[in-house]
>>> print(open('work.txt').read())   # compact mmCIF, C-alpha atoms
# COMPACT_ATOMS: atom_id res chain seq x y z
CA MET A 1 -72.45 38.37 -8.27
CA THR A 2 -72.42 34.73 -7.24
CA HIS A 3 -69.43 33.16 -5.53
CA MET A 4 -68.74 29.48 -5.03
CA LEU A 5 -66.78 28.15 -2.07
CA ILE A 6 -64.78 25.04 -3.02
CA PHE A 7 -62.69 22.83 -0.72
CA SER A 8 -60.47 20.39 -2.56
CA PHE A 9 -58.06 17.86 -1.07
CA PRO A 10 -56.81 15.98 -4.13
CA GLY A 11 -55.21 12.60 -3.70
CA ARG A 12 -55.78 12.16 0.04
CA PRO A 13 -58.45 12.59 2.72
CA PRO A 14 -58.47 15.80 4.80
CA THR A 15 -56.73 16.22 8.13
CA MET A 16 -58.62 17.25 11.26
CA TRP A 17 -57.36 20.81 10.81
CA GLN A 18 -58.49 20.93 7.18
CA LEU A 19 -61.91 19.69 8.23
CA LEU A 20 -62.17 22.31 10.95
CA ALA A 21 -60.91 25.04 8.64
CA ALA A 22 -63.46 24.09 6.01
CA ALA A 23 -66.21 24.09 8.62
CA TYR A 24 -65.10 27.51 9.83
CA TRP A 25 -65.23 29.05 6.36
CA MET A 26 -68.59 27.47 5.61
CA LEU A 27 -70.05 28.84 8.83
CA LEU A 28 -68.47 32.25 8.25
CA LEU A 29 -69.47 32.63 4.61
CA GLY A 30 -72.59 30.50 4.57
CA PRO A 31 -75.05 33.28 5.45
CA ILE A 32 -73.45 35.56 2.84
CA HIS A 33 -73.69 33.08 0.01
CA GLY A 34 -76.95 31.41 1.00
CA TYR A 35 -75.74 27.99 2.20
CA HIS A 36 -78.07 28.13 5.19
CA LYS A 37 -81.16 28.79 3.09
CA LYS A 38 -81.46 25.28 1.76
CA GLY A 39 -79.59 23.60 4.58
CA GLY A 40 -79.53 19.89 5.23
CA ILE A 41 -81.83 17.45 6.93
CA THR A 42 -80.65 16.63 10.43
CA ASN A 43 -81.21 13.08 11.66
CA PRO A 44 -83.46 13.42 14.74
CA GLU A 45 -81.37 10.76 16.51
CA ALA A 46 -78.36 13.12 16.51
CA THR A 47 -79.64 14.89 19.61
CA MET A 48 -81.03 11.81 21.40
CA ASN A 49 -79.51 9.79 24.20
CA ILE A 50 -79.40 5.99 24.06
CA SER A 51 -82.77 5.43 25.75
CA GLN A 52 -84.45 7.92 23.44
CA ILE A 53 -83.01 6.22 20.35
CA ILE A 54 -84.24 2.81 21.50
CA SER A 55 -87.68 4.22 22.27
CA TYR A 56 -87.75 6.18 19.00
CA TRP A 57 -87.73 2.91 17.07
CA GLY A 58 -90.47 1.39 19.20
CA TYR A 59 -88.42 -0.90 21.45
CA PRO A 60 -88.67 -1.23 25.23
CA TYR A 61 -85.64 -0.25 27.28
CA GLU A 62 -84.28 -0.33 30.80
CA GLU A 63 -81.44 1.74 32.27
CA TYR A 64 -79.14 0.71 35.12
CA ASP A 65 -76.10 1.97 36.96
CA VAL A 66 -73.37 -0.58 37.68
CA VAL A 67 -70.79 0.30 40.34
CA THR A 68 -67.32 -1.21 39.94
CA LYS A 69 -65.06 -2.24 42.82
CA ASP A 70 -62.94 0.86 42.26
CA GLY A 71 -65.92 3.20 42.39
CA TYR A 72 -66.80 3.95 38.76
CA VAL A 73 -70.50 4.14 37.88
CA LEU A 74 -71.25 2.61 34.49
CA GLY A 75 -74.45 3.31 32.58
CA ILE A 76 -75.78 0.16 30.93
CA TYR A 77 -78.91 -0.41 28.87
CA ARG A 78 -81.24 -3.31 28.23
CA ILE A 79 -83.62 -4.12 25.38
CA PRO A 80 -85.56 -6.96 27.02
CA HIS A 81 -87.51 -7.96 23.91
CA GLY A 82 -88.39 -6.88 20.40
CA ARG A 83 -91.22 -4.76 19.07
CA GLY A 84 -93.53 -7.74 18.84
CA CYS A 85 -94.94 -9.78 21.71
CA PRO A 86 -92.24 -10.88 24.18
CA ARG A 87 -91.04 -14.44 23.68
CA LYS A 88 -91.07 -16.94 26.52
CA THR A 89 -88.79 -16.18 29.42
CA PRO A 90 -86.06 -16.50 30.36
CA LYS A 91 -84.60 -15.35 27.08
CA PRO A 92 -80.96 -16.07 26.18
CA VAL A 93 -78.78 -13.10 27.14
CA VAL A 94 -76.35 -11.32 24.83
CA TYR A 95 -74.03 -8.50 25.88
CA LEU A 96 -72.64 -5.96 23.37
CA GLN A 97 -69.44 -4.01 24.15
CA HIS A 98 -68.38 -1.03 22.03
CA GLY A 99 -64.98 0.02 20.72
CA LEU A 100 -62.51 2.86 21.31
CA ILE A 101 -63.85 6.41 21.79
CA ALA A 102 -67.36 5.05 21.27
CA SER A 103 -70.40 3.99 23.27
CA ALA A 104 -73.36 1.61 23.36
CA SER A 105 -75.04 3.79 20.74
CA ASN A 106 -72.89 2.04 18.10
CA TRP A 107 -75.15 -1.00 18.28
CA ILE A 108 -78.35 1.00 17.58
CA CYS A 109 -77.08 3.73 15.25
CA ASN A 110 -78.29 2.07 12.07
CA LEU A 111 -81.84 1.30 10.96
CA PRO A 112 -83.48 -1.47 13.03
CA ASN A 113 -83.00 -4.06 10.28
CA ASN A 114 -79.27 -3.22 10.20
CA SER A 115 -78.55 -2.67 13.92
CA LEU A 116 -77.37 -5.75 15.78
CA ALA A 117 -79.06 -4.85 19.08
CA PHE A 118 -82.47 -4.45 17.44
CA LEU A 119 -82.07 -7.55 15.29
CA LEU A 120 -81.24 -9.70 18.32
CA ALA A 121 -84.13 -8.29 20.34
CA ASP A 122 -86.57 -9.01 17.50
CA ILE A 123 -85.60 -12.68 17.28
CA GLY A 124 -85.97 -13.30 21.01
CA TYR A 125 -82.73 -12.37 22.76
CA ASP A 126 -82.40 -10.34 25.96
CA VAL A 127 -79.99 -7.64 24.78
CA TRP A 128 -77.65 -5.64 27.06
CA LEU A 129 -75.50 -2.71 25.96
CA GLY A 130 -72.39 -1.77 27.96
CA ASN A 131 -70.44 1.46 28.34
CA SER A 132 -66.81 1.60 29.40
CA ARG A 133 -65.72 3.99 32.13
CA GLY A 134 -65.15 7.56 31.00
CA ASN A 135 -67.42 7.60 27.98
CA THR A 136 -70.44 9.88 27.70
CA TRP A 137 -72.76 7.50 29.57
CA SER A 138 -70.29 6.33 32.24
CA ARG A 139 -68.81 9.51 33.62
CA LYS A 140 -69.53 9.14 37.33
CA HIS A 141 -67.49 7.99 40.32
CA LEU A 142 -68.36 7.50 43.97
CA LYS A 143 -65.41 9.65 45.02
CA PHE A 144 -63.80 11.50 42.10
CA SER A 145 -65.15 14.19 39.80
CA PRO A 146 -64.72 13.81 36.03
CA LYS A 147 -62.92 17.15 36.22
CA SER A 148 -60.16 15.58 38.33
CA ARG A 149 -57.03 13.84 37.10
CA GLU A 150 -57.76 10.97 39.48
CA PHE A 151 -60.96 10.10 37.63
CA TRP A 152 -59.06 9.60 34.37
CA ALA A 153 -56.21 7.54 35.83
CA PHE A 154 -57.25 4.29 34.16
CA SER A 155 -56.45 2.18 31.13
CA LEU A 156 -57.79 -0.85 29.29
CA ASP A 157 -56.55 -2.98 32.18
CA GLU A 158 -59.07 -1.43 34.56
CA MET A 159 -61.87 -1.82 32.00
CA ALA A 160 -61.04 -5.52 31.79
CA ASN A 161 -60.41 -6.12 35.49
CA TYR A 162 -63.26 -4.04 36.92
CA ASP A 163 -65.80 -2.94 34.29
CA LEU A 164 -66.46 -6.27 32.61
CA PRO A 165 -66.75 -8.39 35.79
CA ALA A 166 -69.04 -5.83 37.45
CA THR A 167 -71.28 -5.56 34.37
CA ILE A 168 -71.48 -9.26 33.60
CA ASN A 169 -72.14 -10.14 37.26
CA PHE A 170 -74.88 -7.51 37.40
CA ILE A 171 -76.55 -8.93 34.29
CA ALA A 172 -76.37 -12.46 35.72
CA GLU A 173 -78.05 -11.33 38.95
CA LYS A 174 -80.72 -9.34 37.11
CA THR A 175 -81.63 -12.07 34.61
CA GLY A 176 -81.04 -15.09 36.79
CA GLN A 177 -78.84 -16.56 34.04
CA GLU A 178 -75.28 -17.48 34.82
CA ARG A 179 -74.02 -17.50 31.23
CA LEU A 180 -74.33 -15.14 28.27
CA TYR A 181 -73.05 -14.38 24.78
CA TYR A 182 -70.47 -11.62 24.43
CA VAL A 183 -70.08 -9.47 21.30
CA GLY A 184 -67.19 -7.02 21.23
CA HIS A 185 -65.95 -4.57 18.63
CA SER A 186 -62.35 -3.30 18.58
CA GLN A 187 -61.57 -2.17 22.16
CA GLY A 188 -64.51 -4.32 23.22
CA THR A 189 -62.49 -7.33 22.06
CA THR A 190 -59.26 -6.09 23.66
CA ILE A 191 -60.70 -5.90 27.16
CA ALA A 192 -62.43 -9.25 26.63
CA PHE A 193 -59.18 -10.98 25.64
CA ILE A 194 -57.60 -9.55 28.80
CA ALA A 195 -60.49 -10.43 31.09
CA PHE A 196 -61.22 -13.90 29.75
CA SER A 197 -57.54 -14.93 29.75
CA THR A 198 -56.84 -13.71 33.30
CA ASN A 199 -60.16 -14.35 35.06
CA PRO A 200 -61.18 -18.00 34.58
CA GLU A 201 -64.34 -17.62 36.67
CA LEU A 202 -65.55 -14.79 34.46
CA ALA A 203 -64.62 -16.75 31.33
CA LYS A 204 -66.89 -19.61 32.45
CA ARG A 205 -69.85 -17.25 32.16
CA ILE A 206 -69.31 -16.69 28.44
CA LYS A 207 -71.03 -19.11 26.05
CA ILE A 208 -69.38 -17.68 22.91
CA PHE A 209 -67.14 -14.66 22.43
CA PHE A 210 -67.83 -12.89 19.12
CA ALA A 211 -64.85 -10.70 18.20
CA LEU A 212 -65.49 -8.07 15.51
CA ALA A 213 -62.34 -6.32 14.26
CA PRO A 214 -60.26 -7.75 17.14
CA VAL A 215 -57.34 -5.77 18.51
CA ILE A 216 -54.67 -7.06 20.89
CA THR A 217 -51.65 -5.53 19.14
CA VAL A 218 -51.31 -2.57 16.79
CA LYS A 219 -47.90 -3.28 15.37
CA TYR A 220 -49.14 -3.03 11.79
CA THR A 221 -52.04 -0.61 12.21
CA GLN A 222 -52.18 2.19 9.64
CA SER A 223 -54.49 4.48 11.61
CA PRO A 224 -53.17 8.04 12.06
CA MET A 225 -53.84 7.58 15.78
CA LYS A 226 -50.77 5.35 15.97
CA LYS A 227 -48.58 8.39 15.38
CA LEU A 228 -49.46 9.54 18.88
CA THR A 229 -47.41 6.63 20.25
CA THR A 230 -44.26 8.14 18.78
CA LEU A 231 -44.72 11.35 20.76
CA ASN A 232 -43.30 12.03 24.18
CA ARG A 233 -45.84 11.44 26.95
CA LYS A 234 -45.59 15.09 28.04
CA VAL A 235 -46.23 16.24 24.47
CA VAL A 236 -49.38 14.10 24.23
CA LYS A 237 -50.66 15.56 27.50
CA ALA A 238 -49.88 19.06 26.30
CA LEU A 239 -51.86 18.46 23.10
CA PHE A 240 -54.81 16.53 24.50
CA GLY A 241 -54.73 17.13 28.25
CA ASP A 242 -54.57 14.45 30.94
CA LYS A 243 -58.24 13.64 31.03
CA MET A 244 -60.52 12.30 28.29
CA PHE A 245 -58.99 11.85 24.84
CA TYR A 246 -62.20 12.50 22.90
CA PRO A 247 -65.21 13.71 24.90
CA HIS A 248 -68.69 14.01 23.41
CA THR A 249 -69.09 17.79 23.35
CA PHE A 250 -71.45 20.44 22.07
CA PHE A 251 -68.83 21.24 19.42
CA ASP A 252 -68.68 17.79 17.81
CA GLN A 253 -72.49 17.51 17.94
CA PHE A 254 -72.64 20.89 16.21
CA ILE A 255 -70.19 19.71 13.52
CA ALA A 256 -72.22 16.51 13.02
CA THR A 257 -75.65 18.14 12.86
CA LYS A 258 -74.92 21.55 11.33
CA VAL A 259 -71.90 20.89 9.10
CA CYS A 260 -71.57 17.25 8.07
CA ASN A 261 -75.26 16.92 7.15
CA ARG A 262 -74.90 19.61 4.46
CA LYS A 263 -74.35 18.36 0.96
CA LEU A 264 -71.17 20.41 0.57
CA PHE A 265 -69.50 18.64 3.51
CA ARG A 266 -70.82 15.06 3.41
CA HIS A 267 -67.95 13.78 1.29
CA LEU A 268 -65.45 15.70 3.41
CA CYS A 269 -66.73 14.29 6.69
CA SER A 270 -66.93 10.70 5.45
CA ASN A 271 -63.38 10.91 4.14
CA PHE A 272 -62.17 12.10 7.54
CA LEU A 273 -63.83 9.04 9.12
CA PHE A 274 -62.11 6.80 6.58
CA THR A 275 -58.66 8.19 7.49
CA LEU A 276 -59.14 6.72 10.95
CA SER A 277 -60.90 3.46 10.09
CA GLY A 278 -60.07 2.52 6.49
CA PHE A 279 -61.72 3.11 3.13
CA ASP A 280 -64.99 1.58 2.02
CA PRO A 281 -67.26 4.46 0.98
CA LYS A 282 -69.71 2.28 -0.95
CA ASN A 283 -70.64 0.31 2.16
CA LEU A 284 -70.92 3.11 4.72
CA ASN A 285 -74.41 3.91 5.91
CA MET A 286 -74.38 7.70 5.47
CA ALA A 287 -77.57 8.61 7.93
CA ALA A 288 -47.96 0.07 19.18
CA ASN A 289 -44.98 -0.81 17.93
CA SER A 290 -43.79 -3.78 20.02
CA GLY A 291 -46.37 -6.27 18.84
CA LEU A 292 -46.81 -7.43 22.44
CA PHE A 293 -50.13 -7.85 24.23
CA GLN A 294 -49.13 -6.09 27.42
CA ALA A 295 -50.67 -4.06 30.23
CA PHE A 296 -50.31 -0.28 30.31
CA ASP A 297 -46.89 0.98 31.41
CA TRP A 298 -47.50 3.72 33.98
CA GLY A 299 -44.08 5.20 33.34
CA ASN A 300 -42.21 4.32 36.52
CA PRO A 301 -41.65 1.21 38.65
CA ASP A 302 -43.53 2.57 41.68
CA GLU A 303 -46.71 3.21 39.66
CA ASN A 304 -46.44 -0.20 37.99
CA MET A 305 -45.96 -1.85 41.37
CA MET A 306 -49.07 -0.13 42.71
CA HIS A 307 -51.20 -1.30 39.77
CA PHE A 308 -49.69 -4.71 38.97
CA HIS A 309 -47.63 -5.70 42.04
CA GLN A 310 -44.56 -5.91 39.82
CA LEU A 311 -42.05 -3.41 38.43
CA THR A 312 -42.98 -3.87 34.78
CA PRO A 313 -46.42 -4.27 33.18
CA PRO A 314 -47.43 -7.92 32.76
CA LEU A 315 -47.88 -9.65 29.43
CA TYR A 316 -51.27 -11.12 28.61
CA SER A 317 -51.55 -14.56 27.06
CA VAL A 318 -54.52 -15.23 24.81
CA THR A 319 -53.57 -18.93 24.85
CA LYS A 320 -54.95 -19.13 28.39
CA MET A 321 -58.46 -18.10 27.29
CA GLN A 322 -60.78 -21.11 27.20
CA VAL A 323 -63.83 -19.45 25.64
CA PRO A 324 -65.28 -20.52 22.27
CA THR A 325 -64.42 -17.61 19.98
CA ALA A 326 -65.66 -16.45 16.57
CA VAL A 327 -63.73 -13.76 14.71
CA TRP A 328 -64.49 -11.38 11.82
CA SER A 329 -61.87 -9.08 10.30
CA GLY A 330 -61.80 -6.53 7.49
CA GLY A 331 -59.41 -6.26 4.57
CA HIS A 332 -59.53 -2.44 4.59
CA ASP A 333 -59.37 -2.07 8.36
CA ARG A 334 -56.71 0.49 9.27
CA VAL A 335 -57.03 -0.12 13.00
CA ALA A 336 -57.31 -3.91 13.31
CA ASP A 337 -54.81 -4.54 10.54
CA LEU A 338 -55.02 -7.96 8.90
CA LYS A 339 -51.40 -8.78 9.81
CA ASP A 340 -52.11 -8.20 13.49
CA VAL A 341 -55.26 -10.34 13.24
CA GLU A 342 -53.36 -13.14 11.48
CA ASN A 343 -50.87 -13.14 14.35
CA LEU A 344 -53.74 -13.35 16.84
CA LEU A 345 -55.70 -16.25 15.33
CA PRO A 346 -53.21 -19.07 16.11
CA GLN A 347 -53.18 -17.96 19.75
CA ILE A 348 -56.91 -18.52 20.27
CA PRO A 349 -57.28 -22.04 21.74
CA ARG A 350 -60.97 -22.48 20.91
CA LEU A 351 -61.39 -20.66 17.61
CA ILE A 352 -64.70 -21.96 16.25
CA TYR A 353 -65.18 -19.57 13.32
CA TYR A 354 -63.23 -17.03 11.28
CA LYS A 355 -64.24 -14.84 8.37
CA LEU A 356 -62.27 -12.22 6.47
CA ILE A 357 -64.43 -9.61 4.74
CA PRO A 358 -62.13 -8.08 2.11
CA HIS A 359 -63.99 -4.79 1.62
CA TYR A 360 -64.62 -4.01 5.32
CA ASN A 361 -63.09 -1.12 7.25
CA HIS A 362 -63.12 -0.66 11.02
CA VAL A 363 -66.61 0.82 11.34
CA ASP A 364 -68.35 -1.38 8.76
CA PHE A 365 -68.89 -3.96 11.51
CA TYR A 366 -71.71 -1.84 12.89
CA LEU A 367 -72.30 0.76 10.13
CA GLY A 368 -72.04 -1.38 7.03
CA GLN A 369 -75.24 -1.75 5.03
CA ASP A 370 -74.40 -5.39 4.39
CA ALA A 371 -73.41 -6.22 8.00
CA PRO A 372 -76.50 -8.46 8.48
CA GLN A 373 -75.45 -10.59 5.51
CA GLU A 374 -71.69 -10.50 6.11
CA ILE A 375 -71.72 -10.91 9.92
CA TYR A 376 -74.98 -10.99 11.84
CA GLN A 377 -76.67 -13.95 10.17
CA ASP A 378 -73.71 -16.24 10.93
CA LEU A 379 -73.35 -14.78 14.43
CA ILE A 380 -77.01 -15.56 15.13
CA ARG A 381 -76.66 -19.01 13.58
CA LEU A 382 -73.79 -19.79 15.97
CA MET A 383 -75.82 -18.60 18.96
CA ASP A 384 -78.89 -20.58 17.91
CA GLY A 385 -76.73 -23.66 17.40
CA CYS A 386 -75.31 -23.28 20.90
CA LEU A 387 -78.83 -23.10 22.36
CA GLN A 388 -79.79 -26.37 20.69
CA ASN A 389 -76.81 -28.28 22.09
>>> encode(input="work.txt", output="structure tokens")
Amino acid sequence: MTHMLIFSFPGRPPTMWQLLAAAYWMLLLGPIHGYHKKGGITNPEATMNISQIISYWGYPYEEYDVVTKDGYVLGIYRIPHGRGCPRKTPKPVVYLQHGLIASASNWICNLPNNSLAFLLADIGYDVWLGNSRGNTWSRKHLKFSPKSREFWAFSLDEMANYDLPATINFIAEKTGQERLYYVGHSQGTTIAFIAFSTNPELAKRIKIFFALAPVITVKYTQSPMKKLTTLNRKVVKALFGDKMFYPHTFFDQFIATKVCNRKLFRHLCSNFLFTLSGFDPKNLNMAANSGLFQAFDWGNPDENMMHFHQLTPPLYSVTKMQVPTAVWSGGHDRVADLKDVENLLPQIPRLIYYKLIPHYNHVDFYLGQDAPQEIYQDLIRLMDGCLQN
């Protein structure tokens, strides 16, 4: 007798618990009903680190550790040239900074002709990929263990005030070039807006700031993650702990390689991604309430005084940022909601380019099959134009 296991979530995408429950039943019943016999094809990149992915596609790479003033050790990567013969040196430098709960792998996770890092390397740019403190490739400290609470006592403010200056200064010393292009996605734009508006010397080192799905406020965001802000701080810690919010673990790699690659679960997994980022299934490559741009509130005046030298967290002013800035936003972006972006644009003193892509969600900026046409060709045109001036 043949049985069929069906998971149906009519009218709305699945929750995390529904996804996990479905995975559990598939793993439990799969051997009985033969799901493992045919299986799915696992992308070989799923088990690779960043260097291995770069090398897998035939590109050269370099790895470095950057130490911040407060002792964090950041893993950064370089693609010094494309797969062809290296172009004349020195090459113009471009730095790519990932978004929330992500890593430098975002910029190389598509095919070479669709991945921004590979595209830039092939046309003659010296490409650097950053990793913010605490992610999979930046989980070291000179003093603290990642298992300690002290290691995780940081926010976006520290990423902006320590990570970016340390990384950009390191790149300048290594390449001998004082200025570079900066491309940020989501959180990568947030920390840039903070850093470039509060650190004029750092801002002078940026030729153009390319902001993909920019986020400085989340007043209108529709992402389910916003619901966490309505919970008591103690409740959030009880649910997620007081360390990393979303670590890269054996479990999520197992879900990605053994569950989501199976035909039965592909639609389910992609829908779960869309609940966080926005809906645009045709374009996906399958392979806070205040409205203020403000520093993290540590919860009591003493903590705030220690971090900011004042009792309350400071406000950041984008109007003080004197960096030429190009912006792309998505009409279906649940994280960088269009209303928040529209409030941001008038605050940017040197806005040189803006494009709204109506069908884009939050991850299309690096996963979209049409990203080269919708974003990268204009981004490269702006960089090339800057070089000629």
>>> residues_near_point(input="work.txt", point="(-73.9, -10.2, 10.1)", cutoff="12 Å", atoms="all atoms listed in the file", output="MDAnalysis selection string")
chainID A and resid 113:117 119:120 183 210 212 327:328 355 357 364:382
>>> residues_around(input="work.txt", residues="Gly176 (chain A)", least_positions_apart="2", cutoff="12 Å", atoms="all atoms listed in the file", output="list in words")
Thr89, Pro90, Lys91, Pro92, Val93, Asp126, Ile168, Asn169, Phe170, Ile171, Ala172, Glu173, Lys174, Glu178, Arg179 and Leu180 of chain A
>>> write_last_selection(input="work.txt", atoms="C-alpha atoms", output="PDB file, keeping the file's coordinate frame")
ATOM      1  CA  THR A  89     -88.790 -16.180  29.420  1.00  0.00           C
ATOM      2  CA  PRO A  90     -86.060 -16.500  30.360  1.00  0.00           C
ATOM      3  CA  LYS A  91     -84.600 -15.350  27.080  1.00  0.00           C
ATOM      4  CA  PRO A  92     -80.960 -16.070  26.180  1.00  0.00           C
ATOM      5  CA  VAL A  93     -78.780 -13.100  27.140  1.00  0.00           C
ATOM      6  CA  ASP A 126     -82.400 -10.340  25.960  1.00  0.00           C
ATOM      7  CA  ILE A 168     -71.480  -9.260  33.600  1.00  0.00           C
ATOM      8  CA  ASN A 169     -72.140 -10.140  37.260  1.00  0.00           C
ATOM      9  CA  PHE A 170     -74.880  -7.510  37.400  1.00  0.00           C
ATOM     10  CA  ILE A 171     -76.550  -8.930  34.290  1.00  0.00           C
ATOM     11  CA  ALA A 172     -76.370 -12.460  35.720  1.00  0.00           C
ATOM     12  CA  GLU A 173     -78.050 -11.330  38.950  1.00  0.00           C
ATOM     13  CA  LYS A 174     -80.720  -9.340  37.110  1.00  0.00           C
ATOM     14  CA  GLU A 178     -75.280 -17.480  34.820  1.00  0.00           C
ATOM     15  CA  ARG A 179     -74.020 -17.500  31.230  1.00  0.00           C
ATOM     16  CA  LEU A 180     -74.330 -15.140  28.270  1.00  0.00           C
TER      17      LEU A 180
END
>>> atom_distance(input="work.txt", atom1="CA of Ile79 (chain A)", atom2="CA of Tyr59 (chain A)")
7.0 Å
>>> atom_distance(input="work.txt", atom1="CA of Leu292 (chain A)", atom2="CA of Gly130 (chain A)")
26.8 Å
>>> closest_residue(input="work.txt", among="A:Asn361, A:Gln177, A:Thr68, A:Asn43", to="Glu158 (chain A)", atoms="all atoms listed in the file")
A:Thr68
>>> decode(input="work.txt", residues="region 130-148 of chain A", atoms="N, CA and C atoms", output="JSON list (two decimals), in the first residue's frame")
[["chain", "number", "residue", "atom", "x", "y", "z"],
["A", 130, "GLY", "N", 33.84, 41.69, 3.34],
["A", 130, "GLY", "CA", 33.93, 41.83, 4.78],
["A", 130, "GLY", "C", 32.99, 40.91, 5.53],
["A", 131, "ASN", "N", 33.29, 40.71, 6.82],
["A", 131, "ASN", "CA", 32.42, 39.95, 7.72],
["A", 131, "ASN", "C", 32.31, 40.69, 9.05],
["A", 132, "SER", "N", 31.08, 40.96, 9.46],
["A", 132, "SER", "CA", 30.87, 41.65, 10.72],
["A", 132, "SER", "C", 31.16, 40.73, 11.90],
["A", 133, "ARG", "N", 31.54, 41.31, 13.01],
["A", 133, "ARG", "CA", 31.82, 40.55, 14.22],
["A", 133, "ARG", "C", 30.67, 39.63, 14.59],
["A", 134, "GLY", "N", 31.01, 38.42, 15.01],
["A", 134, "GLY", "CA", 30.00, 37.48, 15.49],
["A", 134, "GLY", "C", 29.48, 36.53, 14.45],
["A", 135, "ASN", "N", 29.70, 36.82, 13.14],
["A", 135, "ASN", "CA", 29.18, 35.86, 12.17],
["A", 135, "ASN", "C", 30.14, 34.67, 12.05],
["A", 136, "THR", "N", 29.78, 33.72, 11.22],
["A", 136, "THR", "CA", 30.52, 32.47, 11.14],
["A", 136, "THR", "C", 32.02, 32.65, 10.93],
["A", 137, "TRP", "N", 32.41, 33.68, 10.17],
["A", 137, "TRP", "CA", 33.81, 33.86, 9.80],
["A", 137, "TRP", "C", 34.50, 34.93, 10.63],
["A", 138, "SER", "N", 33.83, 35.46, 11.63],
["A", 138, "SER", "CA", 34.43, 36.49, 12.50],
["A", 138, "SER", "C", 34.06, 36.21, 13.96],
["A", 139, "ARG", "N", 34.39, 35.01, 14.40],
["A", 139, "ARG", "CA", 33.98, 34.62, 15.75],
["A", 139, "ARG", "C", 35.21, 34.37, 16.63],
["A", 140, "LYS", "N", 36.10, 35.36, 16.63],
["A", 140, "LYS", "CA", 37.28, 35.30, 17.48],
["A", 140, "LYS", "C", 37.46, 36.64, 18.20],
["A", 141, "HIS", "N", 38.12, 36.58, 19.35],
["A", 141, "HIS", "CA", 38.42, 37.78, 20.13],
["A", 141, "HIS", "C", 39.74, 37.55, 20.84],
["A", 142, "LEU", "N", 40.50, 38.61, 21.02],
["A", 142, "LEU", "CA", 41.80, 38.49, 21.68],
["A", 142, "LEU", "C", 41.67, 38.09, 23.13],
["A", 143, "LYS", "N", 40.51, 38.37, 23.73],
["A", 143, "LYS", "CA", 40.34, 38.13, 25.16],
["A", 143, "LYS", "C", 39.16, 37.22, 25.49],
["A", 144, "PHE", "N", 38.03, 37.40, 24.80],
["A", 144, "PHE", "CA", 36.80, 36.69, 25.17],
["A", 144, "PHE", "C", 36.55, 35.48, 24.27],
["A", 145, "SER", "N", 35.92, 34.47, 24.84],
["A", 145, "SER", "CA", 35.49, 33.31, 24.08],
["A", 145, "SER", "C", 34.10, 33.55, 23.53],
["A", 146, "PRO", "N", 33.81, 33.01, 22.33],
["A", 146, "PRO", "CA", 32.45, 33.14, 21.79],
["A", 146, "PRO", "C", 31.39, 32.50, 22.68],
["A", 147, "LYS", "N", 31.82, 31.67, 23.61],
["A", 147, "LYS", "CA", 30.88, 31.05, 24.55],
["A", 147, "LYS", "C", 30.50, 31.99, 25.70],
["A", 148, "SER", "N", 31.21, 33.11, 25.80],
["A", 148, "SER", "CA", 30.96, 34.05, 26.90],
["A", 148, "SER", "C", 29.95, 35.12, 26.51]]
